[in-house]
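Shown next: coords32.cif, given as mmCIF, C-alpha atoms.
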```
data_work
#
loop_
_atom_site.label_atom_id
_atom_site.label_comp_id
_atom_site.auth_asym_id
_atom_site.auth_seq_id
_atom_site.Cartn_x
_atom_site.Cartn_y
_atom_site.Cartn_z
CA SER R 1 110.19 102.50 120.94
CA PHE R 2 107.15 103.73 119.09
CA ALA R 3 105.09 102.29 121.98
CA TYR R 4 106.88 104.61 124.41
CA PHE R 5 106.23 107.64 122.22
CA THR R 6 102.54 106.65 121.98
CA ILE R 7 102.03 106.34 125.72
CA LYS R 8 104.13 109.39 126.57
CA ASP R 9 102.80 111.83 123.95
CA ARG R 10 99.89 110.60 121.87
CA LEU R 11 97.60 109.15 124.54
CA PRO R 12 97.74 112.22 126.84
CA GLN R 13 96.95 114.38 123.77
CA ILE R 14 93.92 112.23 123.04
CA LEU R 15 92.72 112.48 126.66
CA THR R 16 93.17 116.26 126.61
CA ARG R 17 91.10 116.42 123.45
CA VAL R 18 88.34 114.30 125.02
CA ILE R 19 88.23 116.58 128.08
CA ASP R 20 88.08 119.61 125.79
CA THR R 21 85.22 118.04 123.79
CA LEU R 22 83.17 117.55 126.97
CA HIS R 23 83.85 121.17 128.01
CA ARG R 24 82.62 122.43 124.67
CA HIS R 25 79.38 120.49 124.93
CA LYS R 26 78.54 121.77 128.40
CA ASN R 27 75.74 124.06 127.15
CA GLU R 28 74.26 121.30 125.07
CA PHE R 29 74.20 118.96 128.11
CA PHE R 30 72.50 121.73 130.08
CA GLU R 31 69.88 122.33 127.38
CA GLU R 32 69.12 118.62 127.11
CA HIS R 33 69.34 117.50 130.72
CA GLY R 34 69.46 120.64 132.90
CA GLU R 35 71.74 120.70 135.96
CA LYS R 36 72.02 116.91 135.90
CA GLY R 37 73.77 117.11 132.53
CA VAL R 38 76.27 119.69 133.79
CA GLU R 39 76.97 117.69 136.96
CA ALA R 40 77.56 114.55 134.87
CA GLU R 41 79.92 116.48 132.60
CA LYS R 42 81.95 117.69 135.61
CA ARG R 43 82.19 114.19 137.05
CA ALA R 44 83.29 112.74 133.72
CA ILE R 45 85.96 115.42 133.31
CA SER R 46 87.33 114.87 136.80
CA PHE R 47 87.45 111.10 136.12
CA LEU R 48 89.36 111.72 132.87
CA SER R 49 91.76 114.26 134.42
CA LYS R 50 92.60 111.69 137.09
CA LEU R 51 93.13 109.09 134.37
CA ARG R 52 95.50 111.42 132.50
CA ASN R 53 97.48 112.00 135.66
CA GLU R 54 97.74 108.24 136.38
CA LEU R 55 99.03 107.71 132.84
CA GLN R 56 101.61 110.52 132.89
CA THR R 57 103.01 109.52 136.30
CA ASP R 58 103.21 105.79 135.49
CA LYS R 59 100.75 104.71 138.21
CA PRO R 60 99.70 101.06 138.49
CA VAL R 61 96.80 100.01 136.29
CA THR R 62 93.72 99.70 138.53
CA PRO R 63 90.78 97.29 138.25
CA LEU R 64 87.63 98.61 136.60
CA GLU R 65 84.97 99.61 139.11
CA ASP R 66 81.96 99.90 136.81
CA GLU R 67 79.16 97.37 136.37
CA LEU R 68 79.46 97.10 132.59
CA PRO R 69 79.18 93.58 131.15
CA ASP R 70 82.86 93.34 130.18
CA ALA R 71 84.34 94.59 133.48
CA VAL R 72 84.87 91.08 134.83
CA LEU R 73 86.87 90.06 131.75
CA TRP R 74 89.02 93.21 131.99
CA ASN R 75 89.77 92.58 135.65
CA GLN R 76 90.63 88.93 134.96
CA TYR R 77 93.01 90.14 132.28
CA LEU R 78 94.67 92.49 134.77
CA ASP R 79 95.20 89.52 137.11
CA TYR R 80 96.66 87.58 134.21
CA GLN R 81 99.12 90.45 133.55
CA ARG R 82 100.02 90.61 137.26
CA ASN R 83 100.88 86.93 137.33
CA LEU R 84 102.95 86.68 134.16
CA PRO R 85 106.12 84.76 135.04
CA ASN R 86 108.31 87.23 133.13
CA GLY R 87 106.25 90.33 133.99
CA ASN R 88 107.00 93.17 136.44
CA GLY R 89 104.39 92.11 138.98
CA GLU R 90 102.17 95.20 139.21
CA PRO R 91 101.35 96.42 135.67
CA SER R 92 101.70 100.18 135.27
CA TRP R 93 101.28 102.50 132.30
CA PHE R 94 104.91 102.39 131.15
CA GLN R 95 105.75 98.89 132.41
CA SER R 96 103.10 96.89 130.55
CA PRO R 97 102.38 95.67 127.03
CA TRP R 98 101.50 98.63 124.84
CA LEU R 99 98.42 96.94 123.37
CA TYR R 100 97.01 96.34 126.84
CA VAL R 101 97.38 99.85 128.28
CA GLU R 102 96.25 101.54 125.07
CA CYS R 103 93.05 99.45 124.98
CA TYR R 104 92.64 100.04 128.72
CA MET R 105 92.71 103.81 128.23
CA TYR R 106 89.85 103.70 125.71
CA ARG R 107 87.87 101.43 128.01
CA ARG R 108 88.38 103.91 130.87
CA ILE R 109 87.24 106.80 128.63
CA HIS R 110 84.09 104.79 127.97
CA ALA R 111 83.61 104.23 131.72
CA ALA R 112 83.93 107.98 132.40
CA LEU R 113 80.76 108.52 130.37
CA ALA R 114 78.93 105.24 130.96
CA GLN R 115 79.05 105.82 134.72
CA ASN R 116 77.68 109.36 134.41
CA PRO R 117 74.12 109.40 133.12
CA PRO R 118 72.38 111.28 131.57
CA ILE R 119 75.39 111.84 129.26
CA ASP R 120 76.27 108.13 129.25
CA ASN R 121 75.54 107.68 125.53
CA PHE R 122 77.64 110.62 124.37
CA ASP R 123 80.39 109.58 121.91
CA VAL R 124 83.34 111.90 122.60
CA PHE R 125 84.84 111.01 119.21
CA LYS R 126 81.71 111.48 117.10
CA GLU R 127 82.53 115.02 115.88
CA GLY R 128 85.99 113.99 114.66
CA LYS R 129 84.55 111.04 112.76
CA ALA R 130 81.89 113.20 111.11
CA GLN R 131 84.48 115.85 110.23
CA ASN R 132 86.72 113.22 108.63
CA PHE R 133 83.76 112.08 106.53
CA PHE R 134 82.84 115.58 105.34
CA GLU R 135 86.44 116.58 104.66
CA SER R 136 86.87 113.45 102.52
CA GLN R 137 83.86 114.44 100.40
CA GLU R 138 85.77 114.78 97.13
CA ALA R 139 87.29 111.34 97.51
CA VAL R 140 83.91 109.86 98.47
CA ILE R 141 82.28 111.41 95.37
CA ALA R 142 85.10 110.15 93.11
CA LEU R 143 84.78 106.63 94.51
CA CYS R 144 80.96 106.49 94.36
CA THR R 145 80.97 107.88 90.81
CA TYR R 146 83.55 105.36 89.67
CA PHE R 147 81.63 102.53 91.28
CA GLN R 148 78.20 103.49 89.89
CA GLU R 149 79.73 103.70 86.38
CA LEU R 150 81.24 100.25 86.93
CA LEU R 151 77.86 98.82 88.00
CA LYS R 152 76.25 99.81 84.70
CA ASN R 153 78.05 97.02 82.88
CA ILE R 154 79.19 94.73 85.67
CA LYS R 155 77.07 91.90 84.27
CA ASP R 156 79.13 91.98 81.05
CA LEU R 157 82.57 91.95 82.65
CA ASP R 158 84.61 88.87 81.86
CA GLU R 159 86.77 87.19 84.48
CA LYS R 160 89.87 89.17 83.57
CA LEU R 161 88.09 92.51 84.05
CA LEU R 162 86.38 91.40 87.28
CA HIS R 163 89.80 90.35 88.54
CA GLU R 164 91.17 93.83 87.74
CA GLU R 165 88.29 95.62 89.44
CA LEU R 166 88.55 93.49 92.58
CA PHE R 167 92.26 94.34 92.80
CA LYS R 168 91.51 98.05 92.39
CA LEU R 169 88.86 98.11 95.12
CA LEU R 170 90.98 96.02 97.50
CA GLN R 171 93.72 98.61 97.10
CA VAL R 172 91.33 101.52 97.68
CA SER R 173 90.17 99.78 100.86
CA LEU R 174 93.80 99.13 101.87
CA TRP R 175 94.95 102.74 101.41
CA GLY R 176 91.70 104.03 102.92
CA ASN R 177 93.24 102.74 106.14
CA LYS R 178 95.66 105.69 106.13
CA CYS R 179 92.81 107.89 107.41
CA ASP R 180 93.20 107.10 111.10
CA LEU R 181 92.43 109.63 113.83
CA SER R 182 94.00 107.76 116.75
CA PHE R 183 97.25 107.74 114.77
CA SER R 184 97.18 111.50 114.23
CA ALA R 185 95.88 112.04 117.80
CA GLY R 186 92.70 113.43 116.25
CA GLU R 187 94.35 115.81 113.77
CA ASP R 188 92.88 116.01 110.27
CA SER R 189 93.52 112.77 108.40
CA SER R 190 90.90 112.96 105.70
CA GLN R 191 91.29 111.68 102.16
CA LYS R 192 91.29 114.75 99.93
CA SER R 193 91.87 113.50 96.38
CA SER R 194 90.46 110.69 94.28
CA PRO R 195 91.84 107.46 95.70
CA LEU R 196 91.78 105.77 92.28
CA GLN R 197 94.31 107.94 90.49
CA SER R 198 97.37 107.02 92.50
CA LEU R 199 96.87 103.24 92.79
CA GLU R 200 99.49 102.35 90.18
CA ASN R 201 102.15 104.39 91.96
CA MET R 202 101.31 102.80 95.31
CA VAL R 203 101.82 99.17 94.24
CA PRO R 204 105.55 99.13 95.16
CA TYR R 205 104.58 100.07 98.75
CA ILE R 206 102.50 96.90 99.23
CA LEU R 207 105.10 94.77 101.02
CA VAL R 208 103.06 91.55 100.95
CA ASN R 209 100.57 91.32 98.12
CA ASP R 210 98.30 88.27 98.33
CA MET R 211 95.44 89.71 96.26
CA GLU R 212 95.74 86.81 93.81
CA LYS R 213 95.01 84.35 96.66
CA VAL R 214 91.92 86.33 97.68
CA TRP R 215 90.71 86.26 94.07
CA SER R 216 91.16 82.52 93.62
CA LEU R 217 89.48 81.79 96.95
CA LEU R 218 86.42 83.84 95.97
CA VAL R 219 86.23 82.42 92.44
CA ASN R 220 86.47 78.84 93.74
CA ALA R 221 83.86 79.49 96.42
CA LYS R 222 81.56 80.89 93.74
CA LYS R 223 82.05 77.82 91.51
CA ASN R 224 81.50 75.36 94.34
CA ARG R 225 78.48 76.96 95.92
CA THR R 226 75.25 74.98 96.02
CA GLU R 227 71.62 76.10 96.37
CA ARG R 228 71.91 75.83 100.12
CA SER R 229 75.33 77.35 100.69
CA ASN R 230 75.89 81.07 100.37
CA VAL R 231 79.32 82.59 99.85
CA ARG R 232 79.86 84.79 102.88
CA VAL R 233 82.54 87.44 103.39
CA ASP R 234 83.09 89.11 106.77
CA ILE R 235 84.78 92.50 107.05
CA ILE R 236 86.19 93.34 110.48
CA LEU R 237 86.03 97.11 110.24
CA ASP R 238 88.52 99.73 111.34
CA ASN R 239 87.96 103.48 110.89
CA ALA R 240 84.77 105.37 110.13
CA GLY R 241 84.90 108.18 107.54
CA PHE R 242 86.51 107.61 104.15
CA GLU R 243 87.88 104.19 105.06
CA LEU R 244 84.40 102.88 105.89
CA VAL R 245 83.06 104.16 102.55
CA SER R 246 85.88 102.31 100.76
CA ASP R 247 84.91 99.12 102.66
CA LEU R 248 81.24 99.54 101.74
CA VAL R 249 82.09 99.98 98.05
CA LEU R 250 84.24 96.83 98.18
CA ALA R 251 81.37 94.94 99.85
CA ASP R 252 78.88 96.17 97.24
CA PHE R 253 81.25 95.09 94.47
CA LEU R 254 81.51 91.57 95.97
CA LEU R 255 77.69 91.25 95.92
CA SER R 256 77.15 92.89 92.53
CA SER R 257 79.80 90.74 90.86
CA LYS R 258 78.32 87.63 92.54
CA LEU R 259 81.70 86.90 94.16
CA ALA R 260 79.77 86.87 97.46
CA ASP R 261 76.11 86.42 98.42
CA GLU R 262 76.27 88.10 101.81
CA VAL R 263 78.62 90.39 103.71
CA TYR R 264 78.83 90.67 107.49
CA PHE R 265 80.41 93.81 108.95
CA HIS R 266 81.90 93.72 112.44
CA GLY R 267 82.24 97.03 114.29
CA LYS R 268 82.91 98.23 117.82
CA SER R 269 80.27 98.22 120.55
CA ILE R 270 81.76 101.32 122.25
CA PRO R 271 83.67 104.38 120.96
CA TRP R 272 87.21 103.07 120.38
CA TYR R 273 90.63 104.25 119.19
CA VAL R 274 89.18 107.67 118.27
CA SER R 275 87.91 106.83 114.79
CA ASP R 276 86.80 103.19 114.92
CA THR R 277 83.37 102.38 113.48
CA THR R 278 80.43 101.84 115.87
CA LYS R 279 76.91 100.85 114.85
CA HIS R 280 75.90 104.50 115.01
CA ASP R 281 78.77 105.51 112.69
CA PHE R 282 77.87 102.73 110.27
CA ASN R 283 74.18 103.68 110.02
CA TRP R 284 74.98 107.40 109.97
CA THR R 285 77.38 106.96 107.03
CA VAL R 286 74.86 104.99 104.96
CA LYS R 287 72.19 107.66 105.70
CA GLN R 288 74.56 110.55 104.87
CA LEU R 289 75.27 109.01 101.49
CA GLY R 290 71.61 108.23 100.83
CA SER R 291 70.56 111.81 101.47
CA ALA R 292 73.53 113.48 99.71
CA ASN R 293 72.70 115.90 96.92
CA HIS R 294 75.08 114.10 94.60
CA MET R 295 73.46 111.56 92.32
CA TRP R 296 76.01 108.76 92.61
CA MET R 297 76.61 109.21 96.33
CA SER R 298 72.90 108.99 97.04
CA ARG R 299 72.53 106.02 94.69
CA CYS R 300 75.19 104.19 96.74
CA GLY R 301 73.54 105.08 100.05
CA ILE R 302 70.07 104.03 98.89
CA ASN R 303 71.36 100.71 97.52
CA TRP R 304 73.23 100.03 100.74
CA GLU R 305 70.20 100.73 102.86
CA GLY R 306 68.43 98.20 100.62
CA ASN R 307 71.18 95.62 101.23
CA LEU R 308 70.73 96.04 104.98
CA LYS R 309 66.93 95.72 104.73
CA LYS R 310 67.22 92.60 102.55
CA GLY R 311 69.66 91.07 105.02
CA VAL R 312 72.42 90.52 102.44
CA TRP R 313 74.44 93.01 104.51
CA VAL R 314 74.51 92.53 108.29
CA PHE R 315 76.20 94.73 110.89
CA ARG R 316 77.32 93.07 114.12
CA ASP R 317 79.19 94.32 117.14
CA HIS R 318 80.63 92.16 119.91
CA MET R 319 82.38 93.23 123.08
CA PHE R 320 85.37 91.00 122.26
CA TRP R 321 86.57 93.56 119.69
CA THR R 322 87.04 96.09 122.51
CA LEU R 323 88.85 93.80 124.93
CA PRO R 324 92.65 93.79 125.32
CA HIS R 325 93.00 90.15 124.24
CA ASP R 326 94.69 89.20 121.04
CA PHE R 327 92.69 87.08 118.65
CA SER R 328 94.39 83.79 119.50
CA SER R 329 92.32 83.76 122.71
CA MET R 330 88.98 84.43 120.94
CA SER R 331 87.91 80.78 120.86
CA GLU R 332 88.29 80.68 124.64
CA VAL R 333 87.10 84.19 125.64
CA ALA R 334 84.34 84.61 123.02
CA PRO R 335 83.47 81.16 121.63
CA ASP R 336 80.19 82.54 120.22
CA LEU R 337 82.05 85.06 118.05
CA TYR R 338 84.60 82.47 116.97
CA ALA R 339 81.79 80.12 115.91
CA GLU R 340 80.16 82.98 113.97
CA LEU R 341 83.39 83.71 112.07
CA GLN R 342 83.75 80.01 111.23
CA LYS R 343 80.65 80.35 109.01
CA SER R 344 82.55 82.71 106.71
CA ASN R 345 84.34 81.90 103.45
CA LEU R 346 86.71 84.85 103.88
CA LEU R 347 87.52 87.22 106.76
CA LEU R 348 88.92 90.63 105.81
CA PHE R 349 90.61 92.30 108.78
CA LYS R 350 91.02 96.04 108.29
CA GLY R 351 93.75 98.14 109.79
CA ASP R 352 96.62 98.24 112.17
CA LEU R 353 94.98 97.40 115.51
CA ASN R 354 93.42 94.26 114.04
CA TYR R 355 96.86 93.31 112.68
CA ARG R 356 98.43 93.80 116.10
CA LYS R 357 95.77 91.59 117.64
CA LEU R 358 96.13 88.97 114.91
CA THR R 359 99.88 88.68 115.51
CA GLY R 360 99.90 89.12 119.29
CA ASP R 361 101.58 92.56 118.89
CA ARG R 362 105.03 91.04 119.27
CA LYS R 363 108.44 92.19 118.09
CA TRP R 364 108.66 89.36 115.56
CA GLU R 365 111.50 88.76 113.14
CA TYR R 366 110.16 90.18 109.86
CA SER R 367 110.39 86.85 108.06
CA VAL R 368 108.34 84.81 110.56
CA PRO R 369 105.41 83.29 108.59
CA PHE R 370 102.04 85.03 109.07
CA HIS R 371 100.46 81.64 109.78
CA GLN R 372 102.83 81.09 112.70
CA ALA R 373 102.24 84.57 114.17
CA LEU R 374 98.46 83.95 114.13
CA ASN R 375 99.10 81.43 116.91
CA LYS R 376 96.32 78.97 115.95
CA PHE R 377 93.72 81.67 115.22
CA HIS R 378 92.05 80.05 112.17
CA PRO R 379 88.26 80.38 112.20
CA ALA R 380 88.26 80.73 108.37
CA PRO R 381 90.60 81.85 105.57
CA LEU R 382 91.59 85.41 106.40
CA CYS R 383 93.28 88.42 104.88
CA SER R 384 94.67 91.52 106.57
CA LEU R 385 94.40 94.85 104.71
CA ARG R 386 96.65 97.10 106.73
CA THR R 387 98.84 100.16 106.40
CA LEU R 388 101.77 99.97 108.82
CA LYS R 389 101.41 102.27 111.84
CA SER R 390 103.06 100.20 114.57
CA ASP R 391 106.26 98.24 114.79
CA THR R 392 105.10 94.69 114.27
CA GLN R 393 105.28 93.02 110.87
CA VAL R 394 105.63 89.40 109.76
CA GLY R 395 105.67 87.38 106.55
CA LEU R 396 108.24 89.44 104.68
CA LYS R 397 110.89 87.95 102.38
CA PRO R 398 114.28 87.41 104.03
CA GLY R 399 116.13 90.74 104.14
CA GLN R 400 113.13 92.78 102.91
CA GLY R 401 112.45 94.55 106.21
CA GLU R 402 116.14 95.18 106.92
CA GLN R 403 116.60 96.68 103.47
CA ILE R 404 113.78 99.23 103.92
CA GLN R 405 114.92 99.93 107.49
CA ALA R 406 118.35 100.97 106.19
CA SER R 407 116.92 103.80 104.06
CA GLU R 408 113.69 104.59 105.99
CA PRO R 409 114.00 104.13 109.76
CA GLU R 410 110.33 105.15 110.23
CA TRP R 411 108.92 102.72 107.64
CA MET R 412 106.91 100.69 110.16
CA VAL R 413 105.01 103.61 111.65
CA SER R 414 104.60 106.12 108.81
CA GLY R 415 101.49 104.64 107.17
CA LYS R 416 103.36 104.74 103.84
CA TYR R 417 103.59 100.95 103.45
CA GLY R 418 100.79 98.40 103.41
CA VAL R 419 100.13 94.67 103.27
CA VAL R 420 97.39 92.52 101.78
CA GLN R 421 98.35 89.42 103.73
CA PHE R 422 96.44 86.16 103.36
CA ASP R 423 96.30 82.99 105.42
CA ALA R 424 94.34 80.00 104.17
CA GLY R 425 93.86 78.61 107.67
CA LEU R 426 94.29 75.00 108.57
#
```
Once more with this new file: its structure as structure tokens, please.
Amino acid sequence: SFAYFTIKDRLPQILTRVIDTLHRHKNEFFEEHGEKGVEAEKRAISFLSKLRNELQTDKPVTPLEDELPDAVLWNQYLDYQRNLPNGNGEPSWFQSPWLYVECYMYRRIHAALAQNPPIDNFDVFKEGKAQNFFESQEAVIALCTYFQELLKNIKDLDEKLLHEELFKLLQVSLWGNKCDLSFSAGEDSSQKSSPLQSLENMVPYILVNDMEKVWSLLVNAKKNRTERSNVRVDIILDNAGFELVSDLVLADFLLSSKLADEVYFHGKSIPWYVSDTTKHDFNWTVKQLGSANHMWMSRCGINWEGNLKKGVWVFRDHMFWTLPHDFSSMSEVAPDLYAELQKSNLLLFKGDLNYRKLTGDRKWEYSVPFHQALNKFHPAPLCSLRTLKSDTQVGLKPGQGEQIQASEPEWMVSGKYGVVQFDAGL
């Protein structure tokens, strides 16, 4: 299975890269923290080398030994895995659900640093994320330029044109999800060309296209809003770099077109899946744009900083997003987050990992309804914008998946196909 390939090849590669990154920063740790920094770096590397060995030799998954706030929840989850009636007893790297051990690896990488001050705040993935951003510069400029031109007459756009622009920017945000560093094990995955030119040609690759439902939901919310009720959209983010810029442009469009009054962004509270967006990545990206020496890029960045100051954009992180649980257990494990999401008119879930967690990462029949796979996770109407990079997919027409499978065996993991999949909730 693709899961086997991931655990056998991709995860050890990622760990090797993390160890290498720490090695390369040794001098910097010494300059900043003296011998203490170098000692911490050695301890972190030995912790990570041990982790890599456990993974490659299929050792049992061990409880977390750190004092971080989520450790208790992780260890309870390990007990839950141990006691599954149809499980193998002692979970190990190759004898456990893929989603669980993959999340567990990233949590252990975090522990390797968190337990070793003074380098405990070092993000081992930061360089890769920054590189992805800079290497996607042309695409970022094309998108910012397009968007600033659009803003000049957005007040005069009729419904038909607004509808068209929303569809365009949803698609840019969807295909922006191809730029994923955990998928390429950290290899270059930047967006080189203008993302707007190829949209027409990409439409046939959207296997489920519920953009019309997203549009009507937003238009109805706008018509029904009162003085006291704001239309709120929440974006559960995936990757930093180009994908994040595409999400920010979409969010700005929603505000500028008055389809939404406020946008909440949800990111990760620790470095996660190589390129996932943390608060630092989010703020860094807005600042990079604001200070760019390109007129339209800097205009975007300055406006976005303004949105954050005014409170019409809000960034939140919550430790639930970096737990191994799928979303159907959110109301139980993180009732505060579930209650927060219930305030939204529309939840946009970006990317493959969020899709796996929405659907319980199961080997579903392709035609199982999305609503059923969500397993009672319905805080608000939601839509998944996801390019396929793992072998779980639901909500297809009968025979659709089998037909593609016949000509393209790798269709579920190549990132070539996408879905814009909507569920109205209860």
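Among the candidate residues R:Asn375, R:Ser193, R:Ser269, R:Gln13, the one lying nearest to R:Phe320 is R:Ser269, with distances computed using all atoms listed in the file.
Shortest atom-to-atom contact with R:Val263 among R:Leu323, R:Cys300, R:Ile235, R:Leu150: R:Ile235, counting only C-alpha atoms.
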For the contact check between stretch 255-282 of chain R and stretch 353-356 of chain R, emit one row per residue of stretch 255-282 of chain R within 12 Å, containing the shortest atom pair and the distance in Å rounded to one decimal, counting all atoms listed in the file, chain then rising number order, as JSON lines.
```
{"residue": "R:His266", "atom": "CA", "partner": "R:Asn354", "partner_atom": "CA", "distance": 11.6}
{"residue": "R:Gly267", "atom": "CA", "partner": "R:Asn354", "partner_atom": "CA", "distance": 11.5}
{"residue": "R:Lys268", "atom": "CA", "partner": "R:Asn354", "partner_atom": "CA", "distance": 11.9}
{"residue": "R:Trp272", "atom": "CA", "partner": "R:Leu353", "partner_atom": "CA", "distance": 10.8}
{"residue": "R:Tyr273", "atom": "CA", "partner": "R:Leu353", "partner_atom": "CA", "distance": 8.9}
{"residue": "R:Ser275", "atom": "CA", "partner": "R:Leu353", "partner_atom": "CA", "distance": 11.8}
{"residue": "R:Asp276", "atom": "CA", "partner": "R:Leu353", "partner_atom": "CA", "distance": 10.0}
```
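Atom to atom, atom CA of R:Phe5 and atom CA of R:Lys397 stand 28.3 Å apart.
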Between atom CA of R:Phe133 and atom CA of R:Asn307, distance in Å (one decimal): 21.4 Å
How big is the axis-aligned box, and where does its centre sit, when it encloses all atoms of stretch 221-230 of chain R listed in the file and has 3 Å added on every side, reported in Å to one decimal as lines of an AutoDock Vina configuration file?
```
center_x = 77.7
center_y = 78.0
center_z = 96.1
size_x = 18.2
size_y = 12.1
size_z = 15.2
```
Spatial neighbours of R:Thr387, 7 Å, all atoms listed in the file, chain gap at least 6 places, as an MDAnalysis selection string: chainID R and resid 174:175 177:178 351:352 415:419
Output check: residues returned by the PyMOL selection byres ((chain R and resi 58-60) around 8), as JSON, numbers by chain: {"R": [54, 55, 56, 57, 61, 62, 90, 91, 92, 93, 94, 95]}
Selected residues written out, C-alpha atoms, as a tab-separated table (two decimals), in the frame of the given file:
```tsv
chain	number	residue	atom	x	y	z
R	54	GLU	CA	97.74	108.24	136.38
R	55	LEU	CA	99.03	107.71	132.84
R	56	GLN	CA	101.61	110.52	132.89
R	57	THR	CA	103.01	109.52	136.30
R	61	VAL	CA	96.80	100.01	136.29
R	62	THR	CA	93.72	99.70	138.53
R	90	GLU	CA	102.17	95.20	139.21
R	91	PRO	CA	101.35	96.42	135.67
R	92	SER	CA	101.70	100.18	135.27
R	93	TRP	CA	101.28	102.50	132.30
R	94	PHE	CA	104.91	102.39	131.15
R	95	GLN	CA	105.75	98.89	132.41
```
Residues matched by the PyMOL selection byres ((chain R and resi 214) around 12) as a PyMOL selection string: chain R and resi 163+166-167+170+209-213+215-221+233+254+259+345-348+381-385+420-424
Hey, can you spit out that residue selection with C-alpha atoms as an mmCIF file, keeping the file's coordinate frame?
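Ended up saving to part.cif:
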```
data_model
loop_
_atom_site.group_PDB
_atom_site.id
_atom_site.type_symbol
_atom_site.label_atom_id
_atom_site.label_comp_id
_atom_site.auth_asym_id
_atom_site.auth_seq_id
_atom_site.Cartn_x
_atom_site.Cartn_y
_atom_site.Cartn_z
ATOM 1 C CA HIS R 163 89.800 90.350 88.540
ATOM 2 C CA LEU R 166 88.550 93.490 92.580
ATOM 3 C CA PHE R 167 92.260 94.340 92.800
ATOM 4 C CA LEU R 170 90.980 96.020 97.500
ATOM 5 C CA ASN R 209 100.570 91.320 98.120
ATOM 6 C CA ASP R 210 98.300 88.270 98.330
ATOM 7 C CA MET R 211 95.440 89.710 96.260
ATOM 8 C CA GLU R 212 95.740 86.810 93.810
ATOM 9 C CA LYS R 213 95.010 84.350 96.660
ATOM 10 C CA TRP R 215 90.710 86.260 94.070
ATOM 11 C CA SER R 216 91.160 82.520 93.620
ATOM 12 C CA LEU R 217 89.480 81.790 96.950
ATOM 13 C CA LEU R 218 86.420 83.840 95.970
ATOM 14 C CA VAL R 219 86.230 82.420 92.440
ATOM 15 C CA ASN R 220 86.470 78.840 93.740
ATOM 16 C CA ALA R 221 83.860 79.490 96.420
ATOM 17 C CA VAL R 233 82.540 87.440 103.390
ATOM 18 C CA LEU R 254 81.510 91.570 95.970
ATOM 19 C CA LEU R 259 81.700 86.900 94.160
ATOM 20 C CA ASN R 345 84.340 81.900 103.450
ATOM 21 C CA LEU R 346 86.710 84.850 103.880
ATOM 22 C CA LEU R 347 87.520 87.220 106.760
ATOM 23 C CA LEU R 348 88.920 90.630 105.810
ATOM 24 C CA PRO R 381 90.600 81.850 105.570
ATOM 25 C CA LEU R 382 91.590 85.410 106.400
ATOM 26 C CA CYS R 383 93.280 88.420 104.880
ATOM 27 C CA SER R 384 94.670 91.520 106.570
ATOM 28 C CA LEU R 385 94.400 94.850 104.710
ATOM 29 C CA VAL R 420 97.390 92.520 101.780
ATOM 30 C CA GLN R 421 98.350 89.420 103.730
ATOM 31 C CA PHE R 422 96.440 86.160 103.360
ATOM 32 C CA ASP R 423 96.300 82.990 105.420
ATOM 33 C CA ALA R 424 94.340 80.000 104.170
#
```
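Closest approach to R:Asp156 among R:Leu207, R:Glu332, R:Glu102, R:Ser256 is made by R:Ser256 (distances from only C-alpha atoms).
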Two-atom distance - atom CA of R:Arg225, atom CA of R:Asp261 (Å): 10.1 Å
Where does the PyMOL selection byres ((chain R and resi 282) around 10) land in this file, that is, which residues does it pick, as a JSON list (two decimals) with C-alpha atoms, in the coordinates of the input?
```
[["chain", "number", "residue", "atom", "x", "y", "z"],
["R", 237, "LEU", "CA", 86.03, 97.11, 110.24],
["R", 240, "ALA", "CA", 84.77, 105.37, 110.13],
["R", 241, "GLY", "CA", 84.90, 108.18, 107.54],
["R", 244, "LEU", "CA", 84.40, 102.88, 105.89],
["R", 245, "VAL", "CA", 83.06, 104.16, 102.55],
["R", 248, "LEU", "CA", 81.24, 99.54, 101.74],
["R", 265, "PHE", "CA", 80.41, 93.81, 108.95],
["R", 267, "GLY", "CA", 82.24, 97.03, 114.29],
["R", 277, "THR", "CA", 83.37, 102.38, 113.48],
["R", 278, "THR", "CA", 80.43, 101.84, 115.87],
["R", 279, "LYS", "CA", 76.91, 100.85, 114.85],
["R", 280, "HIS", "CA", 75.90, 104.50, 115.01],
["R", 281, "ASP", "CA", 78.77, 105.51, 112.69],
["R", 283, "ASN", "CA", 74.18, 103.68, 110.02],
["R", 284, "TRP", "CA", 74.98, 107.40, 109.97],
["R", 285, "THR", "CA", 77.38, 106.96, 107.03],
["R", 286, "VAL", "CA", 74.86, 104.99, 104.96],
["R", 287, "LYS", "CA", 72.19, 107.66, 105.70],
["R", 315, "PHE", "CA", 76.20, 94.73, 110.89]]
```
All residues 9 Å or closer to R:Pro117, only C-alpha atoms, same chain fewer than 4 positions away omitted, as an MDAnalysis selection string: chainID R and resid 36:37 40 113 121
Polymer residues at most 10 Å from R:Leu68, all atoms listed in the file, same-chain spacing of 4 or more positions, as a list in words: Leu64, Val72, Ala111, Ala114 and Gln115 of chain R
